[in-house]
Amino acid sequence: MTDPQFFTAAGPFSLGKVLAHLGLDPEVCAEQPDPNALISDVAPLSEATPQHLSFFHNSAYADALRKTRAGAVLVSAEAMSLVPSQTVGIVVTDPYRSYGQIAALFHPTPVKTETVIDPSARVAGDVKLGEGVVIGAFVTIDAGARIGAGTVIEAQVSVGPGVVLGRDCHVGTGVSLSHALIGDRVNFKPGARIGQSGFGWALNHSGVDNGRHQRIPQLGKVLIGDDVEIGANATVDRGSGPDTTIGAGTVLDNHCLIAHNVQIGRRCVMAGFSGVAGSGILEDDVIVGARVSVLGHLRVGAKTIVMAGSQVTKSFPAGLRLSGVPAQEHRQYLREQATLRRLAQQQDLDASSATAGQGAIASSRSDKGDTKDG
């Protein structure tokens, strides 16, 4: 259940308004729901009451759907038969996506219309602020920065010289932004680090200069497109000369690492603890599971899916499903795993047979010894 202490609440809304928000007409729904019935909020299947709307998109929760008390539930056509009789089933193509739209209807993001700057913040005199910008406690915004209208900057954020933040962005507590040009509606979760120096070093193999390695100046910047989300404690290094780029609509989970010169395409998704090493390229619509590593100077083609825990050690064309260490096409990975299991099972059988054979030989020798002694 949502807690009004933490989330802005709207509603209740009529079921007709909820359906209209999804572009649906009550007249064409299979169950002809009452459009005047009131829905007060969204809730999980197991907690919902007749005043709530819920959703079902994962077969693991089939029993929860059968037992739910929700007034209405978003389901696929295939799951409609699981909806209990007292609950209105609303058939949609993607229940999870539709739930996101309805949850945002009931819990909209507060909109500020006036610029608010906390007295403890330090904003350089030439910084340009759009209308409705909110700047929290102990924020530092350095010379030449530009902040778009409606952007919210929470406490203890550092915005470096010349940084450009677009409209309606949200910058979480403790974020640092430097050497970056950032689009509209970008969301940085707490602790994200953007634009710091990349990992650029010339290693000292000759022993000169007391063996010290040579730092390579990182002279590029970070370019972030519209509608990007950067997770908590994720890091995006600026380029060493070329820029590091994050395409529009991309989502990086918590603790992701994007190294210098990396190019991430549009609408890519990276789950937690994944990373792309220097100058790596993910084309548009790539999906990367948790704890994946992509080695430097490689290209992963558009719409490729990299399964969790994989390590990409060579470039791949578009449209593949990859898994394993090193990563390979998923079907080949499964075949290899099946072969290994069969080999292991055969080895166990061979070992058991050998043990049994040795036991039989030992028993035979013992019997012969007993006969001789007698």
# chains A, B, ... in the order shown; residues from 1 in each chain; ligands from 1

call {"tool": "select_by_dssp", "arguments": {"residues": "stretch 193-372 of chain A", "states": "strand (DSSP E)", "output": "VMD selection string"}}
result
chain A and resid 193 to 194 201 to 202 214 to 215 222 to 224 229 to 230 235 to 236 244 to 246 251 to 252 257 to 258 263 to 264 269 to 270 275 to 276 281 to 282 287 to 288 293 to 294 299 to 300 305 to 306 311 to 312 321 to 323 328 to 329

call {"tool": "write_last_selection", "arguments": {"atoms": "N, CA and C atoms", "output": "compact mmCIF listing (two decimals), in the first residue's frame"}}
result
# COMPACT_ATOMS: atom_id res chain seq x y z
N ARG A 193 27.24 9.71 -10.11
CA ARG A 193 28.43 10.49 -10.43
C ARG A 193 28.56 10.60 -11.95
N ILE A 194 28.49 11.83 -12.44
CA ILE A 194 28.49 12.07 -13.88
C ILE A 194 29.63 13.02 -14.25
N TRP A 201 45.18 5.85 -18.25
CA TRP A 201 46.56 5.80 -17.78
C TRP A 201 47.44 5.11 -18.83
N ALA A 202 48.64 5.67 -19.03
CA ALA A 202 49.68 4.98 -19.79
C ALA A 202 50.56 4.26 -18.77
N GLN A 214 51.57 7.22 -16.21
CA GLN A 214 51.25 8.55 -16.73
C GLN A 214 49.73 8.71 -16.88
N ARG A 215 49.18 9.67 -16.15
CA ARG A 215 47.76 9.97 -16.32
C ARG A 215 47.53 10.61 -17.68
N VAL A 222 30.34 14.46 -21.19
CA VAL A 222 29.24 13.49 -21.19
C VAL A 222 28.03 14.13 -21.85
N LEU A 223 27.42 13.43 -22.78
CA LEU A 223 26.19 13.88 -23.43
C LEU A 223 25.08 12.91 -23.05
N ILE A 224 24.03 13.42 -22.43
CA ILE A 224 22.91 12.58 -21.98
C ILE A 224 21.63 13.07 -22.65
N GLU A 229 17.28 7.77 -17.25
CA GLU A 229 17.35 7.61 -15.80
C GLU A 229 18.68 6.97 -15.43
N ILE A 230 19.37 7.58 -14.46
CA ILE A 230 20.65 7.09 -13.97
C ILE A 230 20.46 6.66 -12.52
N THR A 235 27.90 5.44 -12.17
CA THR A 235 28.94 6.38 -12.58
C THR A 235 29.05 6.41 -14.10
N VAL A 236 29.17 7.62 -14.63
CA VAL A 236 29.38 7.82 -16.06
C VAL A 236 30.60 8.72 -16.22
N THR A 244 31.57 10.74 -24.03
CA THR A 244 30.74 9.62 -23.58
C THR A 244 29.29 9.99 -23.81
N THR A 245 28.50 9.11 -24.43
CA THR A 245 27.13 9.46 -24.78
C THR A 245 26.14 8.43 -24.25
N ILE A 246 25.02 8.93 -23.74
CA ILE A 246 23.90 8.10 -23.28
C ILE A 246 22.68 8.52 -24.08
N VAL A 251 17.92 3.59 -19.59
CA VAL A 251 17.79 3.43 -18.15
C VAL A 251 18.99 2.66 -17.62
N LEU A 252 19.71 3.25 -16.67
CA LEU A 252 20.82 2.58 -15.99
C LEU A 252 20.40 2.33 -14.55
N LEU A 257 28.38 1.09 -14.25
CA LEU A 257 29.59 1.85 -14.58
C LEU A 257 29.68 2.01 -16.09
N ILE A 258 29.73 3.26 -16.53
CA ILE A 258 29.93 3.58 -17.94
C ILE A 258 31.27 4.30 -18.04
N GLN A 263 29.62 4.64 -25.87
CA GLN A 263 28.41 5.12 -26.55
C GLN A 263 27.27 4.15 -26.25
N ILE A 264 26.28 4.66 -25.52
CA ILE A 264 25.07 3.88 -25.23
C ILE A 264 23.95 4.42 -26.11
N VAL A 269 18.66 -0.62 -21.68
CA VAL A 269 18.38 -0.88 -20.27
C VAL A 269 19.53 -1.72 -19.71
N MET A 270 20.12 -1.23 -18.61
CA MET A 270 21.20 -1.96 -17.94
C MET A 270 20.82 -2.19 -16.49
N GLY A 275 28.56 -3.10 -16.31
CA GLY A 275 29.48 -2.08 -16.74
C GLY A 275 29.91 -2.26 -18.18
N VAL A 276 30.26 -1.14 -18.80
CA VAL A 276 30.81 -1.14 -20.15
C VAL A 276 32.17 -0.45 -20.09
N ILE A 281 30.51 0.05 -27.22
CA ILE A 281 29.32 0.59 -27.87
C ILE A 281 28.15 -0.37 -27.67
N LEU A 282 27.05 0.14 -27.13
CA LEU A 282 25.78 -0.57 -27.14
C LEU A 282 24.86 0.16 -28.11
N ILE A 287 19.42 -4.70 -24.13
CA ILE A 287 19.05 -4.98 -22.74
C ILE A 287 20.17 -5.79 -22.10
N VAL A 288 20.65 -5.31 -20.96
CA VAL A 288 21.78 -5.93 -20.27
C VAL A 288 21.33 -6.35 -18.88
N SER A 293 29.47 -7.68 -17.73
CA SER A 293 30.59 -6.82 -18.10
C SER A 293 30.80 -6.89 -19.61
N VAL A 294 30.97 -5.71 -20.21
CA VAL A 294 31.26 -5.61 -21.64
C VAL A 294 32.67 -5.04 -21.75
N ARG A 299 31.48 -3.80 -29.76
CA ARG A 299 30.16 -3.32 -30.17
C ARG A 299 29.13 -4.44 -29.98
N VAL A 300 28.03 -4.09 -29.31
CA VAL A 300 26.90 -5.00 -29.14
C VAL A 300 25.76 -4.47 -29.99
N ILE A 305 19.98 -8.94 -26.34
CA ILE A 305 19.75 -9.15 -24.91
C ILE A 305 20.93 -9.92 -24.34
N VAL A 306 21.55 -9.37 -23.30
CA VAL A 306 22.68 -10.02 -22.64
C VAL A 306 22.20 -10.50 -21.28
N GLN A 311 29.78 -12.19 -19.59
CA GLN A 311 30.92 -11.33 -19.88
C GLN A 311 31.12 -11.30 -21.40
N VAL A 312 30.94 -10.12 -21.97
CA VAL A 312 31.04 -9.95 -23.42
C VAL A 312 32.50 -9.68 -23.76
N ARG A 321 20.51 -13.12 -28.48
CA ARG A 321 20.37 -13.33 -27.04
C ARG A 321 21.66 -14.01 -26.59
N LEU A 322 22.39 -13.34 -25.68
CA LEU A 322 23.72 -13.80 -25.28
C LEU A 322 23.73 -14.23 -23.82
N SER A 323 24.57 -15.21 -23.51
CA SER A 323 24.74 -15.61 -22.11
C SER A 323 26.07 -16.33 -21.95
N GLN A 328 28.13 -15.97 -25.41
CA GLN A 328 27.89 -16.55 -26.72
C GLN A 328 26.39 -16.59 -26.93
N GLU A 329 25.97 -17.01 -28.12
CA GLU A 329 24.53 -17.09 -28.36
C GLU A 329 23.89 -18.05 -27.36

call {"tool": "select_by_dssp", "arguments": {"residues": "stretch 229-362 of chain A", "states": "alpha helix (DSSP H)", "output": "VMD selection string"}}
result
chain A and resid 330 to 362

call {"tool": "write_last_selection", "arguments": {"atoms": "C-alpha atoms", "output": "PDB file, in the first residue's frame"}}
result
ATOM      1  CA  HIS A 330      22.125 -18.372 -25.726  1.00  0.00           C
ATOM      2  CA  ARG A 331      21.104 -21.536 -27.601  1.00  0.00           C
ATOM      3  CA  GLN A 332      24.728 -22.566 -27.992  1.00  0.00           C
ATOM      4  CA  TYR A 333      25.309 -21.844 -24.296  1.00  0.00           C
ATOM      5  CA  LEU A 334      22.369 -24.084 -23.345  1.00  0.00           C
ATOM      6  CA  ARG A 335      23.622 -26.876 -25.628  1.00  0.00           C
ATOM      7  CA  GLU A 336      27.054 -26.707 -24.040  1.00  0.00           C
ATOM      8  CA  GLN A 337      25.576 -26.780 -20.545  1.00  0.00           C
ATOM      9  CA  ALA A 338      23.458 -29.812 -21.456  1.00  0.00           C
ATOM     10  CA  THR A 339      26.528 -31.562 -22.881  1.00  0.00           C
ATOM     11  CA  LEU A 340      28.517 -30.840 -19.735  1.00  0.00           C
ATOM     12  CA  ARG A 341      25.709 -32.258 -17.584  1.00  0.00           C
ATOM     13  CA  ARG A 342      25.588 -35.432 -19.671  1.00  0.00           C
ATOM     14  CA  LEU A 343      29.367 -35.809 -19.461  1.00  0.00           C
ATOM     15  CA  ALA A 344      29.281 -35.305 -15.695  1.00  0.00           C
ATOM     16  CA  GLN A 345      26.481 -37.848 -15.326  1.00  0.00           C
ATOM     17  CA  GLN A 346      28.359 -40.330 -17.513  1.00  0.00           C
ATOM     18  CA  GLN A 347      31.495 -39.769 -15.460  1.00  0.00           C
ATOM     19  CA  ASP A 348      29.523 -40.491 -12.281  1.00  0.00           C
ATOM     20  CA  LEU A 349      28.138 -43.681 -13.837  1.00  0.00           C
ATOM     21  CA  ASP A 350      31.593 -44.763 -14.974  1.00  0.00           C
ATOM     22  CA  ALA A 351      32.989 -44.089 -11.512  1.00  0.00           C
ATOM     23  CA  SER A 352      30.151 -46.074  -9.903  1.00  0.00           C
ATOM     24  CA  SER A 353      30.696 -48.960 -12.316  1.00  0.00           C
ATOM     25  CA  ALA A 354      34.430 -48.932 -11.648  1.00  0.00           C
ATOM     26  CA  THR A 355      33.838 -48.935  -7.901  1.00  0.00           C
ATOM     27  CA  ALA A 356      31.370 -51.788  -8.199  1.00  0.00           C
ATOM     28  CA  GLY A 357      33.795 -53.728 -10.383  1.00  0.00           C
ATOM     29  CA  GLN A 358      36.628 -53.248  -7.946  1.00  0.00           C
ATOM     30  CA  GLY A 359      34.369 -54.428  -5.146  1.00  0.00           C
ATOM     31  CA  ALA A 360      33.429 -57.540  -7.101  1.00  0.00           C
ATOM     32  CA  ILE A 361      37.078 -58.354  -7.819  1.00  0.00           C
ATOM     33  CA  ALA A 362      38.009 -57.881  -4.172  1.00  0.00           C
TER      34      ALA A 362
END

call {"tool": "residues_around", "arguments": {"residues": "A:Ser76", "least_positions_apart": "3", "cutoff": "7 Å", "atoms": "only C-alpha atoms", "output": "PDB file with N, CA and C atoms, in the first residue's frame"}}
result
ATOM      1  N   ALA A  79      -5.006 -14.361 -19.255  1.00  0.00           N
ATOM      2  CA  ALA A  79      -5.190 -14.508 -17.805  1.00  0.00           C
ATOM      3  C   ALA A  79      -6.597 -14.162 -17.350  1.00  0.00           C
ATOM      4  N   MET A  80      -7.464 -13.793 -18.267  1.00  0.00           N
ATOM      5  CA  MET A  80      -8.800 -13.341 -17.886  1.00  0.00           C
ATOM      6  C   MET A  80      -9.573 -14.421 -17.126  1.00  0.00           C
ATOM      7  N   VAL A  91      -8.734  -6.043 -19.776  1.00  0.00           N
ATOM      8  CA  VAL A  91      -7.765  -6.668 -20.671  1.00  0.00           C
ATOM      9  C   VAL A  91      -6.954  -5.593 -21.393  1.00  0.00           C
ATOM     10  N   VAL A  92      -5.637  -5.678 -21.239  1.00  0.00           N
ATOM     11  CA  VAL A  92      -4.719  -4.752 -21.899  1.00  0.00           C
ATOM     12  C   VAL A  92      -3.573  -5.563 -22.502  1.00  0.00           C
ATOM     13  N   THR A  93      -2.861  -4.943 -23.418  1.00  0.00           N
ATOM     14  CA  THR A  93      -1.755  -5.633 -24.082  1.00  0.00           C
ATOM     15  C   THR A  93      -0.591  -5.877 -23.134  1.00  0.00           C
ATOM     16  N   ASP A  94      -0.273  -4.885 -22.318  1.00  0.00           N
ATOM     17  CA  ASP A  94       0.866  -4.979 -21.397  1.00  0.00           C
ATOM     18  C   ASP A  94       0.411  -4.513 -20.014  1.00  0.00           C
ATOM     19  N   PRO A  95      -0.027  -5.425 -19.142  1.00  0.00           N
ATOM     20  CA  PRO A  95      -0.566  -5.021 -17.832  1.00  0.00           C
ATOM     21  C   PRO A  95       0.416  -4.215 -16.991  1.00  0.00           C
TER      22      PRO A  95
END

call {"tool": "closest_residue", "arguments": {"among": "A:Asn187, A:Ser98, A:Ser85, A:Gln51", "to": "A:Lys67", "atoms": "only C-alpha atoms"}}
result
A:Ser85

call {"tool": "closest_residue", "arguments": {"among": "A:Gln101, A:Ser59, A:Thr68, A:Gln5", "to": "A:Pro84", "atoms": "only C-alpha atoms"}}
result
A:Thr68

call {"tool": "residues_around", "arguments": {"residues": "A:Ala308", "least_positions_apart": "4", "cutoff": "9 Å", "atoms": "only C-alpha atoms", "output": "list in words"}}
result
Ala271, Ser274, Val288, Gly289, Ala290, Arg291, Val292, Ser323 and Gly324 of chain A

call {"tool": "write_last_selection", "arguments": {"atoms": "N, CA and C atoms", "output": "compact mmCIF listing (two decimals), in the first residue's frame"}}
result
# COMPACT_ATOMS: atom_id res chain seq x y z
N ALA A 271 20.80 -3.46 -16.06
CA ALA A 271 20.48 -3.78 -14.67
C ALA A 271 21.71 -3.60 -13.78
N SER A 274 26.22 -3.70 -13.61
CA SER A 274 26.76 -3.96 -14.94
C SER A 274 27.68 -2.82 -15.35
N VAL A 288 20.65 -5.31 -20.96
CA VAL A 288 21.78 -5.93 -20.27
C VAL A 288 21.33 -6.35 -18.88
N GLY A 289 21.47 -7.62 -18.54
CA GLY A 289 21.09 -8.11 -17.22
C GLY A 289 22.08 -7.69 -16.15
N ALA A 290 21.78 -8.08 -14.91
CA ALA A 290 22.61 -7.68 -13.78
C ALA A 290 23.99 -8.34 -13.85
N ARG A 291 24.99 -7.61 -13.35
CA ARG A 291 26.37 -8.10 -13.24
C ARG A 291 26.95 -8.56 -14.58
N VAL A 292 26.63 -7.86 -15.63
CA VAL A 292 27.22 -8.11 -16.94
C VAL A 292 28.41 -7.18 -17.13
N SER A 323 24.57 -15.21 -23.51
CA SER A 323 24.74 -15.61 -22.11
C SER A 323 26.07 -16.33 -21.95
N GLY A 324 26.54 -16.38 -20.70
CA GLY A 324 27.73 -17.16 -20.39
C GLY A 324 28.99 -16.34 -20.26

call {"tool": "atom_distance", "arguments": {"atom1": "atom CA of A:Ile90", "atom2": "atom CA of A:Val42"}}
result
13.9 Å

call {"tool": "residues_around", "arguments": {"residues": "A:Ile147", "least_positions_apart": "4", "cutoff": "12 Å", "atoms": "only C-alpha atoms", "output": "PyMOL selection string"}}
result
chain A and resi 115+123+126-135+141-143+151-153+159-171+177+181-185

call {"tool": "atom_distance", "arguments": {"atom1": "atom CA of A:Phe273", "atom2": "atom CA of A:Gly174"}}
result
19.4 Å

call {"tool": "atom_distance", "arguments": {"atom1": "atom CA of A:Val325", "atom2": "atom CA of A:Thr313"}}
result
8.4 Å

call {"tool": "closest_residue", "arguments": {"among": "A:Gly231, A:Pro217, A:Ser240, A:Arg66", "to": "A:Gly272", "atoms": "only C-alpha atoms"}}
result
A:Gly231

call {"tool": "closest_residue", "arguments": {"among": "A:Leu105, A:Leu24, A:Gly301, A:Leu15", "to": "A:Gly71", "atoms": "only C-alpha atoms"}}
result
A:Leu15

call {"tool": "residues_around", "arguments": {"residues": "A:Asp243", "least_positions_apart": "3", "cutoff": "8 Å", "atoms": "only C-alpha atoms", "output": "PDB file with N, CA and C atoms, in the first residue's frame"}}
result
ATOM      1  N   GLY A 220      37.200  15.070 -22.879  1.00  0.00           N
ATOM      2  CA  GLY A 220      35.859  15.034 -23.438  1.00  0.00           C
ATOM      3  C   GLY A 220      34.807  15.413 -22.410  1.00  0.00           C
ATOM      4  N   LYS A 221      33.563  15.132 -22.747  1.00  0.00           N
ATOM      5  CA  LYS A 221      32.447  15.441 -21.844  1.00  0.00           C
ATOM      6  C   LYS A 221      31.451  14.300 -21.890  1.00  0.00           C
ATOM      7  N   VAL A 222      30.338  14.464 -21.188  1.00  0.00           N
ATOM      8  CA  VAL A 222      29.242  13.486 -21.192  1.00  0.00           C
ATOM      9  C   VAL A 222      28.027  14.131 -21.845  1.00  0.00           C
ATOM     10  N   LEU A 223      27.423  13.428 -22.782  1.00  0.00           N
ATOM     11  CA  LEU A 223      26.190  13.878 -23.427  1.00  0.00           C
ATOM     12  C   LEU A 223      25.076  12.907 -23.054  1.00  0.00           C
ATOM     13  N   ARG A 238      33.485  10.946 -18.077  1.00  0.00           N
ATOM     14  CA  ARG A 238      33.572  11.749 -19.293  1.00  0.00           C
ATOM     15  C   ARG A 238      34.591  11.125 -20.251  1.00  0.00           C
ATOM     16  N   GLY A 239      34.480  11.513 -21.522  1.00  0.00           N
ATOM     17  CA  GLY A 239      35.372  10.964 -22.527  1.00  0.00           C
ATOM     18  C   GLY A 239      36.798  11.475 -22.389  1.00  0.00           C
ATOM     19  N   SER A 240      37.706  10.758 -23.032  1.00  0.00           N
ATOM     20  CA  SER A 240      39.103  11.170 -22.999  1.00  0.00           C
ATOM     21  C   SER A 240      39.426  12.162 -24.099  1.00  0.00           C
ATOM     22  N   HIS A 260      34.932   5.838 -19.925  1.00  0.00           N
ATOM     23  CA  HIS A 260      35.148   6.932 -20.876  1.00  0.00           C
ATOM     24  C   HIS A 260      34.974   6.474 -22.330  1.00  0.00           C
ATOM     25  N   ASN A 261      34.420   7.378 -23.126  1.00  0.00           N
ATOM     26  CA  ASN A 261      34.218   7.204 -24.572  1.00  0.00           C
ATOM     27  C   ASN A 261      33.133   6.190 -24.936  1.00  0.00           C
ATOM     28  N   VAL A 262      32.451   5.634 -23.955  1.00  0.00           N
ATOM     29  CA  VAL A 262      31.395   4.657 -24.243  1.00  0.00           C
ATOM     30  C   VAL A 262      30.234   5.350 -24.946  1.00  0.00           C
TER      31      VAL A 262
END

call {"tool": "residues_around", "arguments": {"residues": "A:Ile39", "least_positions_apart": "6", "cutoff": "6 Å", "atoms": "only C-alpha atoms", "output": "list in words"}}
result
Pro12, Phe13, Ser14, Gln51 and His52 of chain A

call {"tool": "decode", "arguments": {"residues": "stretch 109-143 of chain A", "atoms": "N, CA and C atoms", "output": "PDB file, in the first residue's frame"}}
result
ATOM      1  N   THR A 109       3.787  13.391  -9.851  1.00  0.00           N
ATOM      2  CA  THR A 109       4.939  14.116  -9.324  1.00  0.00           C
ATOM      3  C   THR A 109       4.537  15.562  -9.061  1.00  0.00           C
ATOM      4  N   PRO A 110       4.782  16.080  -7.857  1.00  0.00           N
ATOM      5  CA  PRO A 110       4.424  17.476  -7.570  1.00  0.00           C
ATOM      6  C   PRO A 110       5.128  18.434  -8.529  1.00  0.00           C
ATOM      7  N   VAL A 111       4.419  19.441  -8.970  1.00  0.00           N
ATOM      8  CA  VAL A 111       4.969  20.425  -9.899  1.00  0.00           C
ATOM      9  C   VAL A 111       5.107  21.766  -9.192  1.00  0.00           C
ATOM     10  N   LYS A 112       6.317  22.316  -9.204  1.00  0.00           N
ATOM     11  CA  LYS A 112       6.564  23.629  -8.619  1.00  0.00           C
ATOM     12  C   LYS A 112       6.415  24.702  -9.701  1.00  0.00           C
ATOM     13  N   THR A 113       5.763  25.784  -9.369  1.00  0.00           N
ATOM     14  CA  THR A 113       5.592  26.876 -10.326  1.00  0.00           C
ATOM     15  C   THR A 113       6.480  28.071 -10.011  1.00  0.00           C
ATOM     16  N   GLU A 114       7.061  28.093  -8.813  1.00  0.00           N
ATOM     17  CA  GLU A 114       7.947  29.187  -8.436  1.00  0.00           C
ATOM     18  C   GLU A 114       9.335  28.643  -8.130  1.00  0.00           C
ATOM     19  N   THR A 115      10.341  29.442  -8.462  1.00  0.00           N
ATOM     20  CA  THR A 115      11.713  29.064  -8.156  1.00  0.00           C
ATOM     21  C   THR A 115      11.952  29.159  -6.652  1.00  0.00           C
ATOM     22  N   VAL A 116      12.524  28.090  -6.085  1.00  0.00           N
ATOM     23  CA  VAL A 116      12.813  28.048  -4.652  1.00  0.00           C
ATOM     24  C   VAL A 116      14.280  27.672  -4.478  1.00  0.00           C
ATOM     25  N   ILE A 117      15.032  28.519  -3.774  1.00  0.00           N
ATOM     26  CA  ILE A 117      16.448  28.259  -3.523  1.00  0.00           C
ATOM     27  C   ILE A 117      16.677  28.255  -2.022  1.00  0.00           C
ATOM     28  N   ASP A 118      17.149  27.134  -1.490  1.00  0.00           N
ATOM     29  CA  ASP A 118      17.435  27.058  -0.058  1.00  0.00           C
ATOM     30  C   ASP A 118      18.529  28.067   0.302  1.00  0.00           C
ATOM     31  N   PRO A 119      18.392  28.738   1.447  1.00  0.00           N
ATOM     32  CA  PRO A 119      19.387  29.753   1.837  1.00  0.00           C
ATOM     33  C   PRO A 119      20.811  29.215   1.953  1.00  0.00           C
ATOM     34  N   SER A 120      20.960  27.925   2.210  1.00  0.00           N
ATOM     35  CA  SER A 120      22.306  27.365   2.361  1.00  0.00           C
ATOM     36  C   SER A 120      22.969  27.021   1.033  1.00  0.00           C
ATOM     37  N   ALA A 121      22.215  27.078  -0.059  1.00  0.00           N
ATOM     38  CA  ALA A 121      22.775  26.748  -1.370  1.00  0.00           C
ATOM     39  C   ALA A 121      23.720  27.848  -1.841  1.00  0.00           C
ATOM     40  N   ARG A 122      24.722  27.455  -2.642  1.00  0.00           N
ATOM     41  CA  ARG A 122      25.645  28.433  -3.223  1.00  0.00           C
ATOM     42  C   ARG A 122      25.522  28.363  -4.738  1.00  0.00           C
ATOM     43  N   VAL A 123      24.981  29.430  -5.324  1.00  0.00           N
ATOM     44  CA  VAL A 123      24.742  29.490  -6.760  1.00  0.00           C
ATOM     45  C   VAL A 123      25.543  30.653  -7.330  1.00  0.00           C
ATOM     46  N   ALA A 124      26.426  30.367  -8.278  1.00  0.00           N
ATOM     47  CA  ALA A 124      27.257  31.414  -8.875  1.00  0.00           C
ATOM     48  C   ALA A 124      26.388  32.470  -9.548  1.00  0.00           C
ATOM     49  N   GLY A 125      26.916  33.687  -9.607  1.00  0.00           N
ATOM     50  CA  GLY A 125      26.124  34.813 -10.077  1.00  0.00           C
ATOM     51  C   GLY A 125      25.665  34.715 -11.516  1.00  0.00           C
ATOM     52  N   ASP A 126      26.416  34.015 -12.377  1.00  0.00           N
ATOM     53  CA  ASP A 126      26.042  33.957 -13.792  1.00  0.00           C
ATOM     54  C   ASP A 126      25.274  32.690 -14.163  1.00  0.00           C
ATOM     55  N   VAL A 127      24.872  31.919 -13.172  1.00  0.00           N
ATOM     56  CA  VAL A 127      24.079  30.716 -13.446  1.00  0.00           C
ATOM     57  C   VAL A 127      22.697  31.125 -13.950  1.00  0.00           C
ATOM     58  N   LYS A 128      22.206  30.438 -14.973  1.00  0.00           N
ATOM     59  CA  LYS A 128      20.890  30.726 -15.529  1.00  0.00           C
ATOM     60  C   LYS A 128      19.895  29.670 -15.044  1.00  0.00           C
ATOM     61  N   LEU A 129      18.849  30.152 -14.368  1.00  0.00           N
ATOM     62  CA  LEU A 129      17.827  29.265 -13.813  1.00  0.00           C
ATOM     63  C   LEU A 129      16.501  29.491 -14.524  1.00  0.00           C
ATOM     64  N   GLY A 130      15.856  28.404 -14.981  1.00  0.00           N
ATOM     65  CA  GLY A 130      14.537  28.515 -15.563  1.00  0.00           C
ATOM     66  C   GLY A 130      13.470  28.675 -14.496  1.00  0.00           C
ATOM     67  N   GLU A 131      12.242  28.872 -14.920  1.00  0.00           N
ATOM     68  CA  GLU A 131      11.134  29.041 -13.984  1.00  0.00           C
ATOM     69  C   GLU A 131      10.857  27.741 -13.232  1.00  0.00           C
ATOM     70  N   GLY A 132      10.497  27.889 -11.962  1.00  0.00           N
ATOM     71  CA  GLY A 132      10.086  26.743 -11.175  1.00  0.00           C
ATOM     72  C   GLY A 132      11.207  25.819 -10.757  1.00  0.00           C
ATOM     73  N   VAL A 133      12.447  26.264 -10.833  1.00  0.00           N
ATOM     74  CA  VAL A 133      13.571  25.441 -10.390  1.00  0.00           C
ATOM     75  C   VAL A 133      13.592  25.386  -8.864  1.00  0.00           C
ATOM     76  N   VAL A 134      13.843  24.209  -8.316  1.00  0.00           N
ATOM     77  CA  VAL A 134      13.945  24.022  -6.870  1.00  0.00           C
ATOM     78  C   VAL A 134      15.368  23.574  -6.553  1.00  0.00           C
ATOM     79  N   ILE A 135      16.023  24.299  -5.649  1.00  0.00           N
ATOM     80  CA  ILE A 135      17.407  24.000  -5.278  1.00  0.00           C
ATOM     81  C   ILE A 135      17.450  23.756  -3.779  1.00  0.00           C
ATOM     82  N   GLY A 136      17.877  22.550  -3.385  1.00  0.00           N
ATOM     83  CA  GLY A 136      17.845  22.139  -1.996  1.00  0.00           C
ATOM     84  C   GLY A 136      19.025  22.624  -1.178  1.00  0.00           C
ATOM     85  N   ALA A 137      19.087  22.131   0.056  1.00  0.00           N
ATOM     86  CA  ALA A 137      20.090  22.582   1.020  1.00  0.00           C
ATOM     87  C   ALA A 137      21.503  22.174   0.605  1.00  0.00           C
ATOM     88  N   PHE A 138      22.429  23.114   0.782  1.00  0.00           N
ATOM     89  CA  PHE A 138      23.859  22.879   0.581  1.00  0.00           C
ATOM     90  C   PHE A 138      24.207  22.430  -0.839  1.00  0.00           C
ATOM     91  N   VAL A 139      23.410  22.843  -1.795  1.00  0.00           N
ATOM     92  CA  VAL A 139      23.725  22.600  -3.206  1.00  0.00           C
ATOM     93  C   VAL A 139      24.765  23.620  -3.658  1.00  0.00           C
ATOM     94  N   THR A 140      25.672  23.183  -4.531  1.00  0.00           N
ATOM     95  CA  THR A 140      26.647  24.082  -5.140  1.00  0.00           C
ATOM     96  C   THR A 140      26.472  24.044  -6.652  1.00  0.00           C
ATOM     97  N   ILE A 141      26.248  25.215  -7.247  1.00  0.00           N
ATOM     98  CA  ILE A 141      26.140  25.320  -8.705  1.00  0.00           C
ATOM     99  C   ILE A 141      27.173  26.344  -9.163  1.00  0.00           C
ATOM    100  N   ASP A 142      28.140  25.875  -9.952  1.00  0.00           N
ATOM    101  CA  ASP A 142      29.280  26.712 -10.311  1.00  0.00           C
ATOM    102  C   ASP A 142      29.019  27.548 -11.555  1.00  0.00           C
ATOM    103  N   ALA A 143      29.961  28.418 -11.842  1.00  0.00           N
ATOM    104  CA  ALA A 143      29.828  29.435 -12.884  1.00  0.00           C
ATOM    105  C   ALA A 143      29.474  28.833 -14.244  1.00  0.00           C
TER     106      ALA A 143
END
